[in-house]
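Accompanying notes for the structure given below.
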Amino acid sequence: MRRSTKILIAILLILIIALVGYIAWIWVEDTLETANEVQNETQNEVNMTEDEMSEANETNVSEEENAINDTNTSTTTSATSPTSSTSSSSTVVGKEEQESAEQSGSENPEEAAIELAKQKWGETSSNYKFSVENVEGNIYHISIISNALTIAYMDVDMMTGEVTEK
């Protein structure tokens, strides 16, 4: 083989190695970028879950405080009432029992809020799932779900019966 042929083969081998190295570098960069995107999405979901949990905890704490206040008020009232017996003043009513008593006495407010949202949504409401996301006082935040995705939100004011779409 001539010397010039050996030099050309060496140059071609160097170019092929450089090309393979460049393609590998692009592939690694793309893989790292995809991994970072997945990690960011996971972190966003975790943050959203933590936010939802903190909102739920705040709601539960306020509901428990209301239940305690209601229990304390009823205990104070029955203790000051001359016709009440001592057993009723020492009875503690749990949150589940209060909710059960409220539901058996009247229509479930969550179901009523969902029905109002369905009426506002229209005749295609049977094709969607309606779920209570959050309750703030008399306002129920309803999510409309289609194929496991929330497509809209509605706020239902139970005092006025007003439904607003977000």
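Simple scheme: letters A, B, ... for chains in structure tokens order, numbers from 1 for residues in each chain, numbers from 1 for ligands in the order shown.
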
Handout entry: Shell around A:Lys118 at 10 Å using only C-alpha atoms, local window under 2 positions removed, as a list in words
Key = Ala112, Ala113, Ile114, Glu115, Leu116, Lys120, Trp121, Gly122, Glu123, Thr124, Ser125, Ser126, Tyr128, Lys129, Phe130, Ile142, Ile144, Met154 and Val163 of chain A

Using N, CA, C and O atoms, can you export the residues from the last selection as a short mmCIF file (atom, residue, chain, number, x, y, z; two decimals), in the first residue's frame?
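Result went into selection_21.cif, see below:
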```cif
data_model
loop_
_atom_site.label_atom_id
_atom_site.label_comp_id
_atom_site.auth_asym_id
_atom_site.auth_seq_id
_atom_site.Cartn_x
_atom_site.Cartn_y
_atom_site.Cartn_z
N ALA A 112 -76.51 17.72 46.10
CA ALA A 112 -77.30 18.85 45.61
C ALA A 112 -76.44 19.79 44.77
O ALA A 112 -76.87 20.28 43.72
N ALA A 113 -75.20 20.03 45.22
CA ALA A 113 -74.29 20.90 44.47
C ALA A 113 -73.95 20.27 43.12
O ALA A 113 -73.92 20.96 42.09
N ILE A 114 -73.73 18.97 43.10
CA ILE A 114 -73.43 18.29 41.84
C ILE A 114 -74.63 18.35 40.90
O ILE A 114 -74.48 18.58 39.70
N GLU A 115 -75.84 18.20 41.43
CA GLU A 115 -77.04 18.29 40.59
C GLU A 115 -77.18 19.68 39.97
O GLU A 115 -77.52 19.82 38.80
N LEU A 116 -76.91 20.73 40.77
CA LEU A 116 -76.96 22.09 40.22
C LEU A 116 -75.92 22.28 39.13
O LEU A 116 -76.19 22.91 38.10
N LYS A 120 -76.49 23.16 35.07
CA LYS A 120 -75.81 24.26 34.39
C LYS A 120 -75.04 23.72 33.18
O LYS A 120 -74.99 24.37 32.14
N TRP A 121 -74.43 22.53 33.30
CA TRP A 121 -73.63 21.95 32.23
C TRP A 121 -74.49 21.60 31.02
O TRP A 121 -74.06 21.74 29.89
N GLY A 122 -75.70 21.14 31.25
CA GLY A 122 -76.60 20.89 30.14
C GLY A 122 -76.93 19.42 29.97
O GLY A 122 -76.65 18.58 30.81
N GLU A 123 -77.53 19.11 28.81
CA GLU A 123 -78.06 17.78 28.59
C GLU A 123 -76.98 16.73 28.37
O GLU A 123 -77.24 15.53 28.47
N THR A 124 -75.73 17.12 28.10
CA THR A 124 -74.66 16.14 27.93
C THR A 124 -73.98 15.80 29.26
O THR A 124 -72.95 15.14 29.27
N SER A 125 -74.57 16.22 30.36
CA SER A 125 -73.93 15.99 31.66
C SER A 125 -73.81 14.52 32.01
O SER A 125 -72.96 14.14 32.80
N SER A 126 -74.62 13.68 31.40
CA SER A 126 -74.53 12.24 31.69
C SER A 126 -73.25 11.63 31.13
O SER A 126 -72.86 10.54 31.53
N TYR A 128 -70.27 12.93 31.50
CA TYR A 128 -69.15 13.40 32.30
C TYR A 128 -69.31 12.99 33.75
O TYR A 128 -70.42 12.72 34.21
N LYS A 129 -68.19 12.99 34.47
CA LYS A 129 -68.22 12.71 35.90
C LYS A 129 -68.06 14.03 36.64
O LYS A 129 -67.19 14.83 36.31
N PHE A 130 -68.89 14.25 37.62
CA PHE A 130 -68.85 15.47 38.42
C PHE A 130 -68.35 15.08 39.82
O PHE A 130 -68.84 14.12 40.41
N ILE A 142 -66.77 22.25 42.11
CA ILE A 142 -67.07 21.01 41.40
C ILE A 142 -66.15 20.92 40.18
O ILE A 142 -66.00 21.88 39.44
N ILE A 144 -65.42 18.92 36.53
CA ILE A 144 -66.07 18.11 35.50
C ILE A 144 -64.97 17.30 34.83
O ILE A 144 -64.01 17.85 34.31
N MET A 154 -66.61 24.32 38.22
CA MET A 154 -67.77 25.15 38.53
C MET A 154 -67.82 25.40 40.02
O MET A 154 -67.45 24.53 40.81
N VAL A 163 -74.65 29.07 40.17
CA VAL A 163 -73.58 28.23 39.63
C VAL A 163 -72.77 29.08 38.66
O VAL A 163 -73.33 29.65 37.72
#
```

Practice task
List the neighbours of A:Val132 out to 7 Å using only C-alpha atoms; skip same-chain residues closer than 6 positions along the sequence, and give me the result as a ChimeraX atom specification.
Solution key: /A:110,140-143

Written selection (all heavy atoms) as a compact mmCIF listing (two decimals), in the first residue's frame:
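The resulting result-v8.txt:
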```
# COMPACT_ATOMS: atom_id res chain seq x y z
N GLU A 110 -73.51 17.85 49.06
CA GLU A 110 -72.61 17.61 47.93
C GLU A 110 -73.38 17.12 46.72
O GLU A 110 -73.13 17.55 45.60
CB GLU A 110 -71.53 16.59 48.32
CG GLU A 110 -70.51 17.14 49.29
CD GLU A 110 -69.39 16.16 49.59
OE1 GLU A 110 -69.42 15.02 49.06
OE2 GLU A 110 -68.50 16.54 50.35
N TYR A 140 -69.28 25.19 46.91
CA TYR A 140 -68.74 23.89 46.56
C TYR A 140 -68.03 24.02 45.21
O TYR A 140 -68.62 24.51 44.24
CB TYR A 140 -69.85 22.85 46.45
CG TYR A 140 -70.39 22.43 47.79
CD1 TYR A 140 -71.22 23.26 48.53
CD2 TYR A 140 -70.07 21.19 48.32
CE1 TYR A 140 -71.70 22.89 49.77
CE2 TYR A 140 -70.56 20.79 49.56
CZ TYR A 140 -71.37 21.64 50.27
OH TYR A 140 -71.84 21.26 51.50
N HIS A 141 -66.76 23.61 45.16
CA HIS A 141 -65.98 23.64 43.93
C HIS A 141 -66.12 22.27 43.28
O HIS A 141 -65.65 21.27 43.80
CB HIS A 141 -64.52 23.96 44.22
CG HIS A 141 -64.33 25.26 44.92
ND1 HIS A 141 -64.42 26.47 44.28
CD2 HIS A 141 -64.07 25.54 46.22
CE1 HIS A 141 -64.22 27.44 45.16
NE2 HIS A 141 -64.01 26.90 46.34
N ILE A 142 -66.77 22.25 42.11
CA ILE A 142 -67.07 21.01 41.40
C ILE A 142 -66.15 20.92 40.18
O ILE A 142 -66.00 21.88 39.44
CB ILE A 142 -68.54 20.98 40.91
CG1 ILE A 142 -69.51 21.33 42.04
CG2 ILE A 142 -68.87 19.66 40.25
CD1 ILE A 142 -69.63 20.31 43.12
N SER A 143 -65.53 19.74 39.97
CA SER A 143 -64.74 19.52 38.77
C SER A 143 -65.53 18.62 37.82
O SER A 143 -66.22 17.70 38.26
CB SER A 143 -63.39 18.88 39.12
OG SER A 143 -63.58 17.61 39.68
```

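If you measure from each of A:Glu133, A:Leu13, A:Ala117, A:Glu37 to A:Glu165 using only C-alpha atoms, the closest one turns out to be A:Ala117.
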
Exercise for the section: Could you check how far atom CA of A:Met159 sits from atom CA of A:Glu111, in Å to one decimal? Expected result: 14.6 Å

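Atom CA of A:Leu32 lies 25.7 Å from atom CA of A:Leu15.
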
Completion exercise
From atom CA of A:Thr42 to atom CA of A:Trp25 the spacing works out at 25.7 Å
